[in-house]
Amino acid sequence: MFRSMKSDIQAIKDNDPAARGTFEVLLTYSGLHAVWAHRVAHRFYRRKWFTVARMISQFSRFMTGIEIHPGATIGKRLFIDHGMGVVIGETCEIGDDVVLYQGVTLGGTGKETGKRHPTLGNNVVVGMGAKVMGSFQVGDNSKVGANAVVLKEVPPNSTVVGNPGRIVKRDGVSLNKLDHDKLPDPLIELFRNMEKQIEHLKNEVDQLKQEMHRSNGGIGSYESKGV
């Protein structure tokens, strides 16, 4: 147990440059408190002491602003950074060395029974405000951009952005965990391509105007002739 607690603290130091020391982490990191409370609640949940487990999780929610259902399965060294508003559903499974930012929801999409929440592999990063909804896998080493809405499976080593979520990088150059602000935006790329095409069309129209003007002997313009 103490080895696990030590690794949780070290995960915060490794991922958060603002973490200045063990004492500060112990006292001030709500994500750490929520994870430790969940581990206690999860033990009661597995022993079918459901009410006690929910009471612990609700107290933790009140104190930290992070809601983790006691039925969720969480791996080693989960780091919840600025975790206010994070929600983790009952059948959610989270691998090792996962990073969740503020406002993340790992939820379901309806009233179905059984496995209804996502499974996150190892080394997954989910950006702030992202929603991962449904019973599917987010593969190892994948990244979900801020405010993305992911509704279907994500292969390993992928980057997902947008609403609905779109895979914009797979097996590409790895970004640093904390560089979730540098994820590519497919909409911006689309607008850039449209601008290039519009500029190309404008150049073609200008060339046609000049050719028609020369073909008319330089007298007047084709607009005056109703062309």
# chains A, B, ... in the order shown; residues from 1 in each chain; ligands from 1
>>> select_by_dssp(residues="stretch 22-129 of chain A", states="helix (DSSP H, G or I)", output="ChimeraX atom specification")
/A:22-28,30-46,50-64
>>> write_last_selection(atoms="N, CA, C and O atoms", output="short mmCIF file (atom, residue, chain, number, x, y, z; two decimals), in the first residue's frame")
data_model
loop_
_atom_site.label_atom_id
_atom_site.label_comp_id
_atom_site.auth_asym_id
_atom_site.auth_seq_id
_atom_site.Cartn_x
_atom_site.Cartn_y
_atom_site.Cartn_z
N THR A 22 7.15 16.83 -1.63
CA THR A 22 6.22 15.80 -1.18
C THR A 22 5.18 16.35 -0.21
O THR A 22 3.99 16.04 -0.31
N PHE A 23 5.61 17.18 0.71
CA PHE A 23 4.69 17.72 1.71
C PHE A 23 3.59 18.54 1.05
O PHE A 23 2.41 18.43 1.39
N GLU A 24 3.98 19.37 0.08
CA GLU A 24 2.99 20.17 -0.63
C GLU A 24 2.01 19.30 -1.40
O GLU A 24 0.80 19.56 -1.41
N VAL A 25 2.51 18.26 -2.06
CA VAL A 25 1.66 17.35 -2.82
C VAL A 25 0.66 16.67 -1.90
O VAL A 25 -0.54 16.56 -2.20
N LEU A 26 1.12 16.21 -0.76
CA LEU A 26 0.25 15.52 0.19
C LEU A 26 -0.89 16.41 0.67
O LEU A 26 -2.02 15.95 0.83
N LEU A 27 -0.61 17.67 0.87
CA LEU A 27 -1.60 18.56 1.47
C LEU A 27 -2.52 19.23 0.47
O LEU A 27 -3.67 19.54 0.79
N THR A 28 -2.07 19.46 -0.75
CA THR A 28 -2.79 20.38 -1.63
C THR A 28 -3.30 19.78 -2.93
O THR A 28 -4.02 20.48 -3.66
N SER A 30 -5.77 17.81 -4.85
CA SER A 30 -7.08 17.17 -4.71
C SER A 30 -7.19 15.90 -5.55
O SER A 30 -7.90 14.97 -5.18
N GLY A 31 -6.50 15.87 -6.69
CA GLY A 31 -6.52 14.66 -7.51
C GLY A 31 -5.95 13.47 -6.76
O GLY A 31 -6.48 12.35 -6.86
N LEU A 32 -4.89 13.68 -6.02
CA LEU A 32 -4.29 12.62 -5.21
C LEU A 32 -5.25 12.17 -4.12
O LEU A 32 -5.44 10.96 -3.90
N HIS A 33 -5.89 13.11 -3.45
CA HIS A 33 -6.85 12.78 -2.40
C HIS A 33 -8.01 11.96 -2.96
O HIS A 33 -8.48 11.00 -2.34
N ALA A 34 -8.49 12.35 -4.15
CA ALA A 34 -9.62 11.64 -4.76
C ALA A 34 -9.24 10.22 -5.13
O ALA A 34 -10.04 9.28 -4.94
N VAL A 35 -8.04 10.02 -5.63
CA VAL A 35 -7.59 8.67 -6.01
C VAL A 35 -7.46 7.79 -4.77
O VAL A 35 -7.89 6.63 -4.77
N TRP A 36 -6.89 8.32 -3.72
CA TRP A 36 -6.73 7.53 -2.50
C TRP A 36 -8.09 7.21 -1.87
O TRP A 36 -8.31 6.08 -1.40
N ALA A 37 -9.00 8.17 -1.87
CA ALA A 37 -10.35 7.89 -1.34
C ALA A 37 -11.03 6.83 -2.19
O ALA A 37 -11.75 5.96 -1.65
N HIS A 38 -10.83 6.89 -3.51
CA HIS A 38 -11.44 5.88 -4.38
C HIS A 38 -10.93 4.48 -4.06
O HIS A 38 -11.71 3.51 -4.09
N ARG A 39 -9.67 4.34 -3.78
CA ARG A 39 -9.12 3.01 -3.50
C ARG A 39 -9.75 2.41 -2.25
O ARG A 39 -10.00 1.20 -2.19
N VAL A 40 -10.03 3.26 -1.27
CA VAL A 40 -10.74 2.78 -0.07
C VAL A 40 -12.17 2.40 -0.43
O VAL A 40 -12.66 1.31 -0.07
N ALA A 41 -12.85 3.27 -1.17
CA ALA A 41 -14.24 3.00 -1.55
C ALA A 41 -14.34 1.76 -2.44
O ALA A 41 -15.28 0.97 -2.31
N HIS A 42 -13.37 1.57 -3.32
CA HIS A 42 -13.39 0.42 -4.23
C HIS A 42 -13.29 -0.90 -3.47
O HIS A 42 -13.91 -1.91 -3.87
N ARG A 43 -12.53 -0.92 -2.40
CA ARG A 43 -12.43 -2.14 -1.59
C ARG A 43 -13.77 -2.50 -0.97
O ARG A 43 -14.16 -3.67 -0.94
N PHE A 44 -14.47 -1.50 -0.45
CA PHE A 44 -15.81 -1.76 0.09
C PHE A 44 -16.76 -2.20 -1.02
O PHE A 44 -17.59 -3.09 -0.82
N TYR A 45 -16.64 -1.59 -2.19
CA TYR A 45 -17.51 -1.94 -3.31
C TYR A 45 -17.31 -3.39 -3.72
O TYR A 45 -18.29 -4.10 -3.99
N ARG A 46 -16.09 -3.85 -3.78
CA ARG A 46 -15.80 -5.24 -4.16
C ARG A 46 -16.33 -6.23 -3.13
O ARG A 46 -16.64 -7.38 -3.46
N PHE A 50 -22.01 -1.63 -0.79
CA PHE A 50 -22.22 -0.58 -1.78
C PHE A 50 -22.54 0.78 -1.16
O PHE A 50 -22.05 1.81 -1.62
N THR A 51 -23.36 0.79 -0.13
CA THR A 51 -23.74 2.07 0.49
C THR A 51 -22.54 2.75 1.13
O THR A 51 -22.35 3.97 0.97
N VAL A 52 -21.74 1.98 1.84
CA VAL A 52 -20.54 2.54 2.47
C VAL A 52 -19.60 3.09 1.38
O VAL A 52 -19.04 4.19 1.51
N ALA A 53 -19.45 2.32 0.31
CA ALA A 53 -18.58 2.75 -0.79
C ALA A 53 -19.07 4.06 -1.40
O ALA A 53 -18.27 4.98 -1.67
N ARG A 54 -20.38 4.16 -1.62
CA ARG A 54 -20.93 5.39 -2.20
C ARG A 54 -20.81 6.58 -1.24
O ARG A 54 -20.58 7.71 -1.67
N MET A 55 -20.94 6.33 0.04
CA MET A 55 -20.79 7.41 1.02
C MET A 55 -19.36 7.97 0.98
O MET A 55 -19.17 9.18 1.02
N ILE A 56 -18.39 7.08 0.87
CA ILE A 56 -16.99 7.53 0.80
C ILE A 56 -16.76 8.32 -0.48
O ILE A 56 -16.12 9.38 -0.47
N SER A 57 -17.28 7.81 -1.61
CA SER A 57 -17.07 8.50 -2.88
C SER A 57 -17.77 9.86 -2.91
O SER A 57 -17.24 10.83 -3.47
N GLN A 58 -18.94 9.94 -2.29
CA GLN A 58 -19.65 11.22 -2.26
C GLN A 58 -18.96 12.23 -1.35
O GLN A 58 -18.92 13.43 -1.67
N PHE A 59 -18.41 11.76 -0.25
CA PHE A 59 -17.64 12.65 0.62
C PHE A 59 -16.40 13.17 -0.12
O PHE A 59 -16.07 14.36 -0.05
N SER A 60 -15.75 12.27 -0.84
CA SER A 60 -14.59 12.67 -1.63
C SER A 60 -14.99 13.68 -2.70
O SER A 60 -14.26 14.67 -2.95
N ARG A 61 -16.12 13.47 -3.33
CA ARG A 61 -16.63 14.43 -4.34
C ARG A 61 -16.86 15.79 -3.73
O ARG A 61 -16.53 16.83 -4.33
N PHE A 62 -17.44 15.82 -2.53
CA PHE A 62 -17.71 17.08 -1.85
C PHE A 62 -16.41 17.82 -1.52
O PHE A 62 -16.32 19.04 -1.66
N MET A 63 -15.39 17.07 -1.12
CA MET A 63 -14.14 17.67 -0.69
C MET A 63 -13.23 18.07 -1.86
O MET A 63 -12.49 19.05 -1.76
N THR A 64 -13.28 17.32 -2.96
CA THR A 64 -12.31 17.53 -4.05
C THR A 64 -12.91 18.05 -5.35
O THR A 64 -12.18 18.54 -6.20
#
>>> residues_around(residues="A:Leu120", least_positions_apart="4", cutoff="12 Å", atoms="only C-alpha atoms", output="PyMOL selection string")
chain A and resi 72-75+78+88+91-100+106-107+124-126+132-144+153-156
>>> atom_distance(atom1="atom CA of A:Val104", atom2="atom CA of A:Asp171")
24.1 Å
>>> residues_around(residues="A:Ala11", least_positions_apart="4", cutoff="9 Å", atoms="only C-alpha atoms", output="PDB file with N, CA and C atoms, in the first residue's frame")
ATOM      1  N   LYS A   6       3.471   5.983  -2.598  1.00  0.00           N
ATOM      2  CA  LYS A   6       4.698   6.670  -2.999  1.00  0.00           C
ATOM      3  C   LYS A   6       4.753   6.870  -4.509  1.00  0.00           C
ATOM      4  N   SER A   7       4.325   5.855  -5.266  1.00  0.00           N
ATOM      5  CA  SER A   7       4.337   5.974  -6.721  1.00  0.00           C
ATOM      6  C   SER A   7       3.315   7.002  -7.201  1.00  0.00           C
ATOM      7  N   ASN A  15       4.833  14.724 -13.596  1.00  0.00           N
ATOM      8  CA  ASN A  15       3.952  15.330 -14.593  1.00  0.00           C
ATOM      9  C   ASN A  15       3.645  16.800 -14.361  1.00  0.00           C
ATOM     10  N   ASP A  16       3.828  17.286 -13.140  1.00  0.00           N
ATOM     11  CA  ASP A  16       3.452  18.662 -12.837  1.00  0.00           C
ATOM     12  C   ASP A  16       4.677  19.455 -12.388  1.00  0.00           C
ATOM     13  N   ARG A  77      -0.591   5.020 -10.665  1.00  0.00           N
ATOM     14  CA  ARG A  77      -0.052   6.347 -10.989  1.00  0.00           C
ATOM     15  C   ARG A  77      -0.989   7.195 -11.844  1.00  0.00           C
ATOM     16  N   LEU A  78      -2.272   7.132 -11.555  1.00  0.00           N
ATOM     17  CA  LEU A  78      -3.213   8.044 -12.219  1.00  0.00           C
ATOM     18  C   LEU A  78      -2.956   9.461 -11.713  1.00  0.00           C
ATOM     19  N   PHE A  79      -2.809  10.404 -12.639  1.00  0.00           N
ATOM     20  CA  PHE A  79      -2.603  11.808 -12.289  1.00  0.00           C
ATOM     21  C   PHE A  79      -3.787  12.619 -12.787  1.00  0.00           C
ATOM     22  N   ASP A  97      -0.381   4.990 -15.516  1.00  0.00           N
ATOM     23  CA  ASP A  97       0.267   6.222 -15.990  1.00  0.00           C
ATOM     24  C   ASP A  97      -0.635   7.061 -16.888  1.00  0.00           C
TER      25      ASP A  97
END
>>> residues_around(residues="A:Asn163", least_positions_apart="4", cutoff="9 Å", atoms="only C-alpha atoms", output="short mmCIF file (atom, residue, chain, number, x, y, z; two decimals) with N, CA and C atoms, in the first residue's frame")
data_model
loop_
_atom_site.label_atom_id
_atom_site.label_comp_id
_atom_site.auth_asym_id
_atom_site.auth_seq_id
_atom_site.Cartn_x
_atom_site.Cartn_y
_atom_site.Cartn_z
N ASN A 147 -11.61 19.40 -24.96
CA ASN A 147 -13.00 19.58 -25.40
C ASN A 147 -13.43 18.62 -26.52
N ALA A 148 -12.65 17.61 -26.78
CA ALA A 148 -13.06 16.60 -27.77
C ALA A 148 -14.21 15.77 -27.21
N VAL A 149 -15.05 15.25 -28.11
CA VAL A 149 -16.13 14.34 -27.73
C VAL A 149 -15.89 13.03 -28.47
N VAL A 150 -15.48 12.01 -27.75
CA VAL A 150 -15.08 10.74 -28.34
C VAL A 150 -16.19 9.73 -28.10
#
